[in-house]
Amino acid sequence: MEKKRGIDIRQINTHDRYEDVAQAFICRNGRAYQLDSKRTGFTMIDGQDSLRVGLYGRIIGQSAYKARSGVEFTPAEIYFVEPLKESKRKGKYIFANSEFTNSVYKAEENGGFEAETDFIFPVIKSPCIKEFGIDENNNYCIFPYKKGSVECVAITELAGRAEYLTNYLIRNKELIEKQSKRSRDIARGKEFYALSKVGLYTYGEYAVTFRDNTRLVACVVTPVKTPWGKRVMPVCAKHSPYISMDKEGRFITEEEAYYLCGILNTGVVQEYFRFSFSGRSYSIDFNIKMPLYDSQNEKHRKMAELSRKAHTVYTDASKVSAIKKEIEELYLYVCDEEQ
(Lines give C-alpha, C1' and ligand atoms only; values in the text may rest on other atoms or scores of the structure.)
Protein backbone atom coordinates (compact mmCIF):
# COMPACT_ATOMS: atom_id res chain seq x y z
CA MET A 1 0.00 0.00 0.00
CA GLU A 2 1.32 3.43 -0.93
CA LYS A 3 -0.09 6.84 -0.08
CA LYS A 4 -0.90 8.94 -3.11
CA ARG A 5 1.14 12.09 -3.65
CA GLY A 6 -0.41 15.39 -2.63
CA ILE A 7 -2.49 13.96 0.22
CA ASP A 8 -1.49 15.08 3.71
CA ILE A 9 -0.88 12.15 6.08
CA ARG A 10 -2.11 14.34 8.94
CA GLN A 11 -5.53 14.58 7.30
CA ILE A 12 -5.60 10.80 6.86
CA ASN A 13 -4.76 10.33 10.55
CA THR A 14 -7.87 12.23 11.63
CA HIS A 15 -9.97 9.24 10.53
CA ASP A 16 -10.55 6.00 12.43
CA ARG A 17 -11.73 3.70 9.62
CA TYR A 18 -9.75 2.60 6.58
CA GLU A 19 -12.89 2.81 4.46
CA ASP A 20 -12.90 6.58 4.93
CA VAL A 21 -9.38 6.99 3.51
CA ALA A 22 -9.13 4.10 1.06
CA GLN A 23 -9.14 6.52 -1.88
CA ALA A 24 -5.90 8.03 -0.55
CA PHE A 25 -3.90 4.84 -1.18
CA ILE A 26 -2.67 2.83 -4.13
CA CYS A 27 -2.82 -0.91 -3.49
CA ARG A 28 -0.76 -3.37 -5.51
CA ASN A 29 -0.47 -7.14 -5.39
CA GLY A 30 2.87 -8.74 -4.65
CA ARG A 31 4.79 -10.91 -2.23
CA ALA A 32 6.37 -10.26 1.15
CA TYR A 33 9.75 -11.90 1.85
CA GLN A 34 11.79 -11.99 5.04
CA LEU A 35 15.17 -12.06 3.34
CA ASP A 36 17.14 -11.04 6.43
CA SER A 37 16.62 -13.38 9.40
CA LYS A 38 17.99 -10.69 11.74
CA ARG A 39 15.40 -8.15 10.65
CA THR A 40 11.68 -8.29 11.42
CA GLY A 41 10.72 -6.16 8.43
CA PHE A 42 9.63 -7.62 5.11
CA THR A 43 10.82 -6.96 1.59
CA MET A 44 7.63 -6.18 -0.33
CA ILE A 45 7.97 -6.92 -4.03
CA ASP A 46 5.49 -6.27 -6.85
CA GLY A 47 4.84 -9.11 -9.20
CA GLN A 48 6.61 -7.32 -12.06
CA ASP A 49 9.84 -7.10 -10.03
CA SER A 50 9.82 -10.63 -8.62
CA LEU A 51 12.30 -11.98 -11.18
CA ARG A 52 15.18 -10.32 -9.32
CA VAL A 53 14.20 -11.37 -5.80
CA GLY A 54 16.84 -14.11 -5.82
CA LEU A 55 19.52 -11.46 -6.13
CA TYR A 56 18.40 -9.61 -3.00
CA GLY A 57 19.08 -12.59 -0.77
CA ARG A 58 22.65 -12.75 -2.07
CA ILE A 59 23.49 -9.25 -0.81
CA ILE A 60 22.18 -9.70 2.76
CA GLY A 61 25.02 -9.80 5.27
CA GLN A 62 27.53 -7.85 7.28
CA SER A 63 29.06 -4.49 6.43
CA ALA A 64 32.64 -3.70 7.46
CA TYR A 65 31.78 0.01 7.42
CA LYS A 66 29.66 2.25 9.62
CA ALA A 67 27.47 4.98 8.19
CA ARG A 68 27.03 8.17 10.20
CA SER A 69 24.25 10.75 10.27
CA GLY A 70 24.99 14.14 8.76
CA VAL A 71 25.48 17.17 11.00
CA GLU A 72 22.24 18.64 12.29
CA PHE A 73 22.15 22.38 11.61
CA THR A 74 19.27 23.78 13.67
CA PRO A 75 17.78 26.17 12.84
CA ALA A 76 18.78 25.78 9.21
CA GLU A 77 17.75 29.37 8.45
CA ILE A 78 20.64 30.58 10.62
CA TYR A 79 23.39 28.08 9.78
CA PHE A 80 22.86 27.62 6.03
CA VAL A 81 24.21 30.53 4.00
CA GLU A 82 25.10 31.44 0.42
CA PRO A 83 28.17 33.47 -0.60
CA LEU A 84 27.23 36.66 -2.46
CA LYS A 85 30.39 38.65 -3.06
CA GLU A 86 33.79 39.49 -1.67
CA SER A 87 33.87 42.10 1.06
CA LYS A 88 36.01 45.22 0.90
CA ARG A 89 37.46 44.10 4.21
CA LYS A 90 40.31 41.60 3.98
CA GLY A 91 39.46 38.04 4.98
CA LYS A 92 35.72 38.62 4.91
CA TYR A 93 32.87 37.83 2.55
CA ILE A 94 29.24 38.88 2.12
CA PHE A 95 26.72 36.10 2.75
CA ALA A 96 22.96 35.72 2.48
CA ASN A 97 20.85 33.43 4.61
CA SER A 98 19.51 30.46 2.64
CA GLU A 99 15.78 30.60 2.00
CA PHE A 100 13.36 27.74 2.58
CA THR A 101 9.78 27.42 1.38
CA ASN A 102 8.42 26.50 4.80
CA SER A 103 10.76 28.55 6.98
CA VAL A 104 9.65 28.86 10.57
CA TYR A 105 12.40 31.29 11.57
CA LYS A 106 13.81 34.42 9.99
CA ALA A 107 17.38 35.52 10.59
CA GLU A 108 18.09 39.11 11.53
CA GLU A 109 20.15 39.67 8.37
CA ASN A 110 17.61 39.21 5.60
CA GLY A 111 19.58 41.53 3.35
CA GLY A 112 22.92 39.77 3.80
CA PHE A 113 25.72 39.97 6.33
CA GLU A 114 29.49 40.19 6.44
CA ALA A 115 31.60 37.49 8.08
CA GLU A 116 35.01 35.87 8.19
CA THR A 117 35.37 32.64 6.22
CA ASP A 118 37.43 30.43 8.58
CA PHE A 119 34.36 28.63 9.93
CA ILE A 120 32.21 28.61 6.80
CA PHE A 121 32.26 25.43 4.71
CA PRO A 122 30.54 23.95 1.67
CA VAL A 123 27.64 21.76 2.80
CA ILE A 124 26.08 18.74 1.12
CA LYS A 125 22.29 18.66 1.23
CA SER A 126 20.33 15.57 0.31
CA PRO A 127 18.49 16.92 -2.80
CA CYS A 128 21.83 17.68 -4.49
CA ILE A 129 23.10 14.09 -4.26
CA LYS A 130 22.82 12.15 -7.50
CA GLU A 131 24.21 8.82 -8.66
CA PHE A 132 27.98 9.35 -8.77
CA GLY A 133 27.76 13.14 -8.56
CA ILE A 134 26.51 16.26 -6.83
CA ASP A 135 24.48 18.93 -8.57
CA GLU A 136 26.19 22.30 -8.84
CA ASN A 137 25.05 24.49 -5.98
CA ASN A 138 25.88 27.43 -3.75
CA ASN A 139 25.26 25.69 -0.42
CA TYR A 140 27.44 26.70 2.52
CA CYS A 141 27.16 26.37 6.27
CA ILE A 142 28.48 27.89 9.47
CA PHE A 143 30.48 25.14 11.18
CA PRO A 144 32.24 26.54 14.28
CA TYR A 145 34.60 23.60 14.84
CA LYS A 146 38.32 23.10 14.35
CA LYS A 147 39.40 20.10 12.28
CA GLY A 148 39.48 16.97 14.39
CA SER A 149 37.64 18.49 17.34
CA VAL A 150 34.31 17.18 18.64
CA GLU A 151 33.76 20.28 20.78
CA CYS A 152 32.78 23.59 19.18
CA VAL A 153 35.21 26.51 19.37
CA ALA A 154 34.84 28.47 22.61
CA ILE A 155 33.18 31.85 22.15
CA THR A 156 36.29 33.72 23.34
CA GLU A 157 38.42 32.03 20.68
CA LEU A 158 35.72 32.42 18.04
CA ALA A 159 35.45 36.14 18.79
CA GLY A 160 39.21 36.51 18.48
CA ARG A 161 39.37 34.74 15.13
CA ALA A 162 36.00 35.68 13.62
CA GLU A 163 34.54 38.76 15.29
CA TYR A 164 31.90 39.46 12.63
CA LEU A 165 30.72 35.83 12.54
CA THR A 166 30.53 35.74 16.34
CA ASN A 167 28.39 38.88 16.36
CA TYR A 168 26.10 37.34 13.75
CA LEU A 169 25.56 34.27 15.94
CA ILE A 170 24.97 36.42 19.02
CA ARG A 171 22.37 38.50 17.15
CA ASN A 172 20.55 35.27 16.33
CA LYS A 173 21.08 33.61 19.71
CA GLU A 174 17.39 33.72 20.62
CA LEU A 175 16.41 31.81 17.48
CA ILE A 176 19.25 29.30 17.87
CA GLU A 177 18.14 28.51 21.41
CA LYS A 178 14.61 27.66 20.22
CA GLN A 179 15.80 24.29 18.95
CA SER A 180 14.45 21.19 20.69
CA LYS A 181 15.72 20.01 24.06
CA ARG A 182 16.93 16.81 22.43
CA SER A 183 19.07 18.77 19.95
CA ARG A 184 20.55 20.84 22.77
CA ASP A 185 21.25 17.75 24.88
CA ILE A 186 23.27 16.02 22.15
CA ALA A 187 25.06 19.14 20.88
CA ARG A 188 28.84 18.79 20.83
CA GLY A 189 30.15 21.75 22.80
CA LYS A 190 29.22 24.11 25.62
CA GLU A 191 28.36 27.20 23.56
CA PHE A 192 24.84 28.09 22.46
CA TYR A 193 25.83 27.61 18.80
CA ALA A 194 27.06 24.02 19.28
CA LEU A 195 25.78 21.50 16.73
CA SER A 196 24.81 17.84 17.02
CA LYS A 197 25.95 14.75 15.09
CA VAL A 198 29.61 15.85 15.12
CA GLY A 199 32.40 13.34 15.79
CA LEU A 200 35.91 12.35 14.72
CA TYR A 201 34.24 10.70 11.72
CA THR A 202 33.20 14.18 10.51
CA TYR A 203 36.77 14.95 9.49
CA GLY A 204 37.72 12.19 7.06
CA GLU A 205 39.77 13.14 4.02
CA TYR A 206 37.56 10.84 1.94
CA ALA A 207 33.90 9.92 2.28
CA VAL A 208 30.92 8.60 0.37
CA THR A 209 27.56 10.26 1.05
CA PHE A 210 24.08 9.10 0.14
CA ARG A 211 20.42 10.00 0.48
CA ASP A 212 18.52 8.44 3.37
CA ASN A 213 15.09 8.97 1.83
CA THR A 214 13.15 8.90 -1.46
CA ARG A 215 15.80 7.03 -3.48
CA LEU A 216 19.13 5.55 -2.44
CA VAL A 217 21.80 7.31 -4.51
CA ALA A 218 25.40 7.92 -3.52
CA CYS A 219 28.47 9.91 -4.54
CA VAL A 220 32.04 10.41 -3.35
CA VAL A 221 32.69 13.61 -1.42
CA THR A 222 35.65 15.58 -2.74
CA PRO A 223 37.13 18.96 -1.73
CA VAL A 224 35.41 22.06 -3.11
CA LYS A 225 37.09 25.32 -4.08
CA THR A 226 35.35 28.14 -2.25
CA PRO A 227 34.76 31.61 -3.75
CA TRP A 228 37.49 32.90 -1.40
CA GLY A 229 40.05 30.51 -2.91
CA LYS A 230 40.39 27.65 -0.40
CA ARG A 231 39.88 23.97 -1.21
CA VAL A 232 38.07 22.28 1.67
CA MET A 233 36.03 19.16 2.31
CA PRO A 234 32.29 19.83 2.48
CA VAL A 235 30.28 19.01 5.60
CA CYS A 236 27.44 16.51 5.13
CA ALA A 237 24.16 17.74 6.61
CA LYS A 238 21.16 15.88 8.01
CA HIS A 239 19.59 13.47 5.47
CA SER A 240 23.02 13.21 3.80
CA PRO A 241 24.57 10.42 5.89
CA TYR A 242 28.04 9.28 4.95
CA ILE A 243 30.76 6.68 5.43
CA SER A 244 34.22 7.95 6.32
CA MET A 245 35.42 5.11 8.58
CA ASP A 246 35.26 1.36 8.85
CA LYS A 247 33.79 -0.23 11.97
CA GLU A 248 37.22 -0.31 13.60
CA GLY A 249 37.47 3.48 13.45
CA ARG A 250 39.98 3.64 10.57
CA PHE A 251 39.45 6.41 8.03
CA ILE A 252 38.77 5.10 4.53
CA THR A 253 41.02 5.74 1.54
CA GLU A 254 40.02 7.41 -1.71
CA GLU A 255 39.79 4.04 -3.46
CA GLU A 256 37.53 2.73 -0.70
CA ALA A 257 35.19 5.68 -1.10
CA TYR A 258 34.74 4.92 -4.81
CA TYR A 259 34.34 1.20 -4.09
CA LEU A 260 31.62 1.83 -1.50
CA CYS A 261 29.88 4.34 -3.73
CA GLY A 262 29.78 1.75 -6.49
CA ILE A 263 28.08 -0.76 -4.18
CA LEU A 264 25.42 1.68 -2.99
CA ASN A 265 24.54 2.71 -6.55
CA THR A 266 24.05 -0.79 -7.89
CA GLY A 267 20.55 -1.57 -9.05
CA VAL A 268 20.30 -4.59 -6.75
CA VAL A 269 21.04 -2.51 -3.64
CA GLN A 270 18.76 0.35 -4.68
CA GLU A 271 15.91 -2.08 -5.37
CA TYR A 272 16.38 -3.93 -2.09
CA PHE A 273 16.19 -0.66 -0.13
CA ARG A 274 13.16 0.53 -2.08
CA PHE A 275 11.28 -2.69 -1.40
CA SER A 276 12.42 -3.08 2.23
CA PHE A 277 12.19 0.38 3.79
CA SER A 278 9.83 3.32 3.78
CA GLY A 279 10.81 5.93 1.21
CA ARG A 280 10.52 8.53 3.97
CA SER A 281 13.60 7.16 5.69
CA TYR A 282 16.11 4.40 4.89
CA SER A 283 18.04 2.64 7.62
CA ILE A 284 21.71 3.63 7.61
CA ASP A 285 22.62 0.61 9.76
CA PHE A 286 23.34 -1.40 6.64
CA ASN A 287 22.40 -5.07 6.54
CA ILE A 288 24.03 -5.62 3.16
CA LYS A 289 27.42 -7.08 2.38
CA MET A 290 30.08 -4.38 2.20
CA PRO A 291 33.35 -6.33 2.61
CA LEU A 292 36.44 -4.50 3.76
CA TYR A 293 38.19 -3.11 0.68
CA ASP A 294 41.19 -5.17 -0.43
CA SER A 295 43.49 -3.43 -2.89
CA GLN A 296 44.83 -6.86 -3.88
CA ASN A 297 41.38 -8.06 -4.86
CA GLU A 298 40.90 -7.56 -8.60
CA LYS A 299 37.10 -7.28 -8.34
CA HIS A 300 37.33 -4.66 -5.56
CA ARG A 301 39.80 -2.60 -7.60
CA LYS A 302 37.68 -2.84 -10.74
CA MET A 303 34.56 -1.71 -8.87
CA ALA A 304 36.44 1.33 -7.56
CA GLU A 305 37.75 2.13 -11.05
CA LEU A 306 34.29 1.88 -12.62
CA SER A 307 32.79 4.04 -9.89
CA ARG A 308 35.47 6.68 -10.46
CA LYS A 309 34.70 6.57 -14.18
CA ALA A 310 30.97 6.99 -13.50
CA HIS A 311 31.71 10.17 -11.53
CA THR A 312 33.20 11.72 -14.68
CA VAL A 313 30.03 11.05 -16.73
CA TYR A 314 27.35 11.21 -14.03
CA THR A 315 25.13 13.52 -16.10
CA ASP A 316 24.97 10.96 -18.94
CA ALA A 317 22.26 8.50 -17.88
CA SER A 318 23.01 5.89 -20.55
CA LYS A 319 26.72 5.72 -19.71
CA VAL A 320 25.99 5.57 -15.98
CA SER A 321 23.48 2.77 -16.53
CA ALA A 322 26.03 0.68 -18.42
CA ILE A 323 28.67 1.21 -15.72
CA LYS A 324 26.20 0.31 -12.97
CA LYS A 325 25.51 -3.05 -14.60
CA GLU A 326 29.23 -3.83 -14.68
CA ILE A 327 29.61 -2.88 -11.02
CA GLU A 328 26.57 -4.96 -10.04
CA GLU A 329 27.93 -8.06 -11.73
CA LEU A 330 31.23 -7.69 -9.87
CA TYR A 331 29.46 -6.92 -6.59
CA LEU A 332 27.32 -10.06 -6.77
CA TYR A 333 30.46 -12.15 -7.32
CA VAL A 334 32.00 -10.47 -4.27
CA CYS A 335 28.88 -11.21 -2.23
CA ASP A 336 28.99 -14.88 -3.21
CA GLU A 337 32.63 -15.06 -2.13
CA GLU A 338 31.63 -13.77 1.31
CA GLN A 339 29.38 -16.77 2.05
# chains A, B, ... in the order shown; residues from 1 in each chain; ligands from 1
>>> closest_atom_pairs(of="range 14-83 of chain A", to="range 272-280 of chain A", cutoff="8 Å", atoms="only C-alpha atoms", output="Markdown table")
| residue | atom | partner | partner_atom | distance |
| --- | --- | --- | --- | --- |
| A:Gly41 | CA | A:Ser276 | CA | 7.1 |
| A:Phe42 | CA | A:Ser276 | CA | 6.1 |
| A:Thr43 | CA | A:Ser276 | CA | 4.2 |
| A:Met44 | CA | A:Phe275 | CA | 5.2 |
| A:Ile45 | CA | A:Phe275 | CA | 6.0 |
| A:Tyr56 | CA | A:Tyr272 | CA | 6.1 |
>>> residues_around(residues="Asn265 in chain A", least_positions_apart="2", cutoff="7 Å", atoms="only C-alpha atoms", output="VMD selection string")
chain A and resid 131 217 to 218 261 to 263 267 269 to 270
>>> residues_around(residues="Lys66 in chain A", least_positions_apart="4", cutoff="12 Å", atoms="only C-alpha atoms", output="VMD selection string")
chain A and resid 62 201 207 to 209 241 to 252 260 283 to 288 290 to 292
>>> select_by_dssp(residues="range 53-265 of chain A", states="helix (DSSP H, G or I)", output="ChimeraX atom specification")
/A:53-59,76-79,126-128,155-161,163-171,173-176,181-185,200-203,254-264
>>> closest_residue(among="A:Glu136, A:Glu271, A:Glu177, A:Glu255", to="Glu305 in chain A", atoms="only C-alpha atoms")
A:Glu255
>>> select_by_dssp(residues="range 220-319 of chain A", states="strand (DSSP E)", output="PyMOL selection string")
chain A and resi 220-221+224-225+231-232+235-236+242-246
>>> closest_atom_pairs(of="range 62-169 of chain A", to="range 223-232 of chain A", cutoff="9 Å", atoms="only C-alpha atoms", output="Markdown table")
| residue | atom | partner | partner_atom | distance |
| --- | --- | --- | --- | --- |
| A:Pro83 | CA | A:Pro227 | CA | 7.5 |
| A:Lys85 | CA | A:Pro227 | CA | 8.3 |
| A:Glu86 | CA | A:Trp228 | CA | 7.6 |
| A:Gly91 | CA | A:Trp228 | CA | 8.4 |
| A:Lys92 | CA | A:Trp228 | CA | 8.7 |
| A:Tyr93 | CA | A:Trp228 | CA | 7.8 |
| A:Thr117 | CA | A:Trp228 | CA | 7.9 |
| A:Phe121 | CA | A:Val232 | CA | 7.3 |
| A:Pro122 | CA | A:Val224 | CA | 7.1 |
>>> residues_around(residues="range 160-170 of chain A", least_positions_apart="5", cutoff="12 Å", atoms="only C-alpha atoms", output="ChimeraX atom specification")
/A:75,77-79,81,89,91-97,107-110,112-120,141-144,146,153-155,175-177,191-194
>>> atom_distance(atom1="CA of Lys130 in chain A", atom2="CA of Tyr314 in chain A")
8.0 Å
>>> residues_around(residues="Thr312 in chain A", least_positions_apart="3", cutoff="9 Å", atoms="only C-alpha atoms", output="PyMOL selection string")
chain A and resi 132-133+308-309+315
>>> write_last_selection(atoms="all heavy atoms", output="PDB file, in the first residue's frame")
ATOM      1  N   PHE A 132      26.607   9.055  -8.387  1.00  0.00           N
ATOM      2  CA  PHE A 132      27.982   9.346  -8.765  1.00  0.00           C
ATOM      3  C   PHE A 132      28.262  10.834  -8.974  1.00  0.00           C
ATOM      4  O   PHE A 132      29.200  11.195  -9.676  1.00  0.00           O
ATOM      5  CB  PHE A 132      28.372   8.580 -10.036  1.00  0.00           C
ATOM      6  CG  PHE A 132      28.207   7.085  -9.929  1.00  0.00           C
ATOM      7  CD1 PHE A 132      27.171   6.435 -10.576  1.00  0.00           C
ATOM      8  CD2 PHE A 132      29.080   6.338  -9.170  1.00  0.00           C
ATOM      9  CE1 PHE A 132      27.007   5.051 -10.481  1.00  0.00           C
ATOM     10  CE2 PHE A 132      28.936   4.954  -9.067  1.00  0.00           C
ATOM     11  CZ  PHE A 132      27.895   4.314  -9.722  1.00  0.00           C
ATOM     12  N   GLY A 133      27.481  11.716  -8.383  1.00  0.00           N
ATOM     13  CA  GLY A 133      27.759  13.140  -8.556  1.00  0.00           C
ATOM     14  C   GLY A 133      26.901  14.009  -7.663  1.00  0.00           C
ATOM     15  O   GLY A 133      25.943  13.549  -7.050  1.00  0.00           O
ATOM     16  N   ARG A 308      34.763   5.419 -10.164  1.00  0.00           N
ATOM     17  CA  ARG A 308      35.470   6.677 -10.464  1.00  0.00           C
ATOM     18  C   ARG A 308      35.120   7.159 -11.871  1.00  0.00           C
ATOM     19  O   ARG A 308      34.887   8.355 -12.102  1.00  0.00           O
ATOM     20  CB  ARG A 308      36.978   6.481 -10.322  1.00  0.00           C
ATOM     21  CG  ARG A 308      37.766   7.782 -10.417  1.00  0.00           C
ATOM     22  CD  ARG A 308      39.253   7.492 -10.508  1.00  0.00           C
ATOM     23  NE  ARG A 308      39.770   6.926  -9.292  1.00  0.00           N
ATOM     24  CZ  ARG A 308      40.260   7.643  -8.266  1.00  0.00           C
ATOM     25  NH1 ARG A 308      40.275   8.965  -8.346  1.00  0.00           N
ATOM     26  NH2 ARG A 308      40.736   7.048  -7.195  1.00  0.00           N
ATOM     27  N   LYS A 309      35.060   6.222 -12.802  1.00  0.00           N
ATOM     28  CA  LYS A 309      34.704   6.572 -14.183  1.00  0.00           C
ATOM     29  C   LYS A 309      33.284   7.136 -14.240  1.00  0.00           C
ATOM     30  O   LYS A 309      33.021   8.124 -14.945  1.00  0.00           O
ATOM     31  CB  LYS A 309      34.816   5.335 -15.067  1.00  0.00           C
ATOM     32  CG  LYS A 309      34.467   5.582 -16.533  1.00  0.00           C
ATOM     33  CD  LYS A 309      34.596   4.301 -17.353  1.00  0.00           C
ATOM     34  CE  LYS A 309      34.205   4.516 -18.803  1.00  0.00           C
ATOM     35  NZ  LYS A 309      34.290   3.245 -19.590  1.00  0.00           N
ATOM     36  N   THR A 315      26.282  12.868 -15.481  1.00  0.00           N
ATOM     37  CA  THR A 315      25.126  13.522 -16.099  1.00  0.00           C
ATOM     38  C   THR A 315      24.625  12.773 -17.336  1.00  0.00           C
ATOM     39  O   THR A 315      23.590  13.127 -17.889  1.00  0.00           O
ATOM     40  CB  THR A 315      25.464  14.971 -16.494  1.00  0.00           C
ATOM     41  OG1 THR A 315      26.602  14.965 -17.360  1.00  0.00           O
ATOM     42  CG2 THR A 315      25.777  15.812 -15.260  1.00  0.00           C
TER      43      THR A 315
END
>>> closest_residue(among="A:Asp185, A:Glu72, A:Glu205, A:Glu329", to="Ala237 in chain A", atoms="only C-alpha atoms")
A:Glu72
